[in-house]
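A.B. asks: Supplied in structure tokens, the structure appears directly below.
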Amino acid sequence: GRLYWISAMVLKAHADKTHKGGVVASLSIPWGEVKGDTDVGGYHLVWPRDIVKAAFGFMAMGDMETSLRILEFMARTQKHDGSWHQNMWLDGRPYWSGIQLDEVAFPIILACRLKKMGVLKDDFYPMVKRAASFLVREGPITEQERWEENSGFSPSTLAAEITALVCAAHWAEETGELKESRYLFEIADYWAASIEKWTFS
């Protein structure tokens, strides 16, 4: 029980009190032995991948309200093309400008999980549709994988992309957009069937 409560407090400490739903990746400064308090950026920014993982943690604790606020934050900070900044300040201003397709996929997965659990108060399908469209246009090759170092076919990114497209396809089907749903399923199937060809070495 003690570890559970400590973990819950650590997650809550990373949630911003001014920008509703904002959760930074870490309060720490990475590589602290060579960087100081004057270095801007660092982990005290919002990464879409990390904030969604935090939302999953809150969901595991039964804190659906915080998870929903995180999704609302993601909807507010989505770019017009359907993607999100690689990382951003809590007010949504970008810091780095790389494209990491798993960071476009994870908010879709979060929205679909919350929808399936029946806790959504608003219609997040437009956000999901824009993000899925971006994945189809730009994927499956990612400019940066999850460690922000390499481009190409990343197994981790592919897993997130395929899952997100399947989630979006189901949502499109439920919305009555059957043509879009079939298309998303077909893309997801093709990418899934190609994983070994693309990534085996």
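Lettering and numbering for the structure tokens are positional, with chains as A, B, ... in the shown order, residues counted from 1 in each chain, and ligands counted from 1 in the shown order.
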With only C-alpha atoms as the counted atoms, please give the residues lying no more than 8 Å from Ile99 in chain A, apart from itself and same-chain residues fewer than 6 positions off, as an MDAnalysis selection string.
C.D. replies: chainID A and resid 85:86 142:144
A.B. asks: As a PyMOL selection string, which residues of range 51-181 of chain A does DSSP assign to alpha helix (DSSP H)?
C.D. replies: chain A and resi 51-60+64-77+101-116+125-138+155-175+178-181
A.B. asks: Compare A:Asp123, A:Glu161, A:Glu103, A:Asp16 by their minimum atom-to-atom distance to His44 in chain A, counting only C-alpha atoms, and give me the closest one.
C.D. replies: A:Asp16
A.B. asks: Quick one: everything within 9 Å of range 51-67 of chain A, counting only C-alpha atoms, minus sequence neighbours fewer than 4 positions away in the same chain. Send it as number ranges by chain.
C.D. replies: A: 4, 8, 11-12, 15, 21-25, 46-47, 71-72, 74, 103, 106-107, 109-110, 114, 119
A.B. asks: Please tabulate, as a tab-separated table, the residues of range 15-120 of chain A that come within 9 Å of range 153-158 of chain A, each with its closest pair of atoms and the distance in Å to one decimal, counting only C-alpha atoms and ordering rows by chain, then residue number upward.
C.D. replies:
```
residue	atom	partner	partner_atom	distance
A:Gln100	CA	A:Thr157	CA	8.1
A:Leu101	CA	A:Thr157	CA	6.5
A:Asp102	CA	A:Thr157	CA	4.9
A:Glu103	CA	A:Thr157	CA	8.7
A:Ala105	CA	A:Thr157	CA	8.4
```
A.B. asks: Fewer than 2 positions away in the same chain doesn't count, so skip those; otherwise give me all residues within 8 Å of Asn87 in chain A, counting only C-alpha atoms, as a PyMOL selection string.
C.D. replies: chain A and resi 45-48+84-85+89+94-97
A.B. asks: Using N, CA, C and O atoms, can you export the residues from the last selection as a CSV table (one decimal), in the first residue's frame?
C.D. replies:
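After the write, again.csv holds the following:
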```csv
chain,number,residue,atom,x,y,z
A,45,LEU,N,8.8,19.7,-19.2
A,45,LEU,CA,7.9,20.1,-20.3
A,45,LEU,C,6.9,19.0,-20.4
A,45,LEU,O,7.0,17.9,-19.8
A,46,VAL,N,5.9,19.2,-21.2
A,46,VAL,CA,4.9,18.2,-21.5
A,46,VAL,C,5.3,17.5,-22.8
A,46,VAL,O,5.5,18.1,-23.9
A,47,TRP,N,5.5,16.2,-22.7
A,47,TRP,CA,5.6,15.3,-23.9
A,47,TRP,C,4.3,14.6,-24.1
A,47,TRP,O,3.8,13.9,-23.1
A,48,PRO,N,3.7,14.6,-25.3
A,48,PRO,CA,2.4,13.8,-25.4
A,48,PRO,C,2.5,12.4,-25.0
A,48,PRO,O,1.6,11.9,-24.4
A,84,TRP,N,0.8,16.7,-32.6
A,84,TRP,CA,1.1,17.5,-31.4
A,84,TRP,C,2.6,17.8,-31.5
A,84,TRP,O,3.4,17.2,-32.2
A,85,HIS,N,3.0,18.9,-30.8
A,85,HIS,CA,4.4,19.2,-30.7
A,85,HIS,C,5.2,18.1,-30.0
A,85,HIS,O,4.6,17.4,-29.2
A,89,TRP,N,5.6,23.7,-23.5
A,89,TRP,CA,5.4,24.3,-22.2
A,89,TRP,C,4.0,24.0,-21.8
A,89,TRP,O,3.1,23.6,-22.7
A,94,PRO,N,5.4,25.4,-28.2
A,94,PRO,CA,6.3,24.3,-28.5
A,94,PRO,C,7.7,24.6,-28.0
A,94,PRO,O,8.1,25.8,-27.9
A,95,TYR,N,8.5,23.6,-27.7
A,95,TYR,CA,9.9,23.7,-27.4
A,95,TYR,C,10.7,23.1,-28.5
A,95,TYR,O,11.3,23.8,-29.3
A,96,TRP,N,10.7,21.7,-28.6
A,96,TRP,CA,11.4,21.1,-29.7
A,96,TRP,C,10.3,20.8,-30.8
A,96,TRP,O,9.1,20.8,-30.6
A,97,SER,N,10.8,20.6,-32.0
A,97,SER,CA,9.8,20.6,-33.2
A,97,SER,C,9.9,19.3,-34.0
A,97,SER,O,9.4,19.3,-35.1
```
A.B. asks: Hey, could you make a per-residue contact list for range 111-143 of chain A against range 169-176 of chain A with 9 Å as the cut-off, showing the nearest pair of atoms and its distance in Å to one decimal, counting only C-alpha atoms, sorted by chain and number, as a Markdown table?
C.D. replies:
```
| residue | atom | partner | partner_atom | distance |
| --- | --- | --- | --- | --- |
| A:Cys112 | CA | A:Trp171 | CA | 7.7 |
| A:Tyr125 | CA | A:Trp171 | CA | 7.3 |
| A:Val128 | CA | A:Trp171 | CA | 8.7 |
| A:Lys129 | CA | A:Ala172 | CA | 8.0 |
| A:Ala132 | CA | A:Ala169 | CA | 8.8 |
```
A.B. asks: Have a look at CA of Ser26 in chain A and CA of Gly82 in chain A and let me know their distance in Å, one decimal.
C.D. replies: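 Rounded to one decimal, the two atoms are 25.4 Å apart.
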A.B. asks: Which of these, A:Phe200, A:Ala159, A:Asp37, A:Ala192, has the shortest distance to Arg146 in chain A once you count only C-alpha atoms?
C.D. replies: A:Ala159
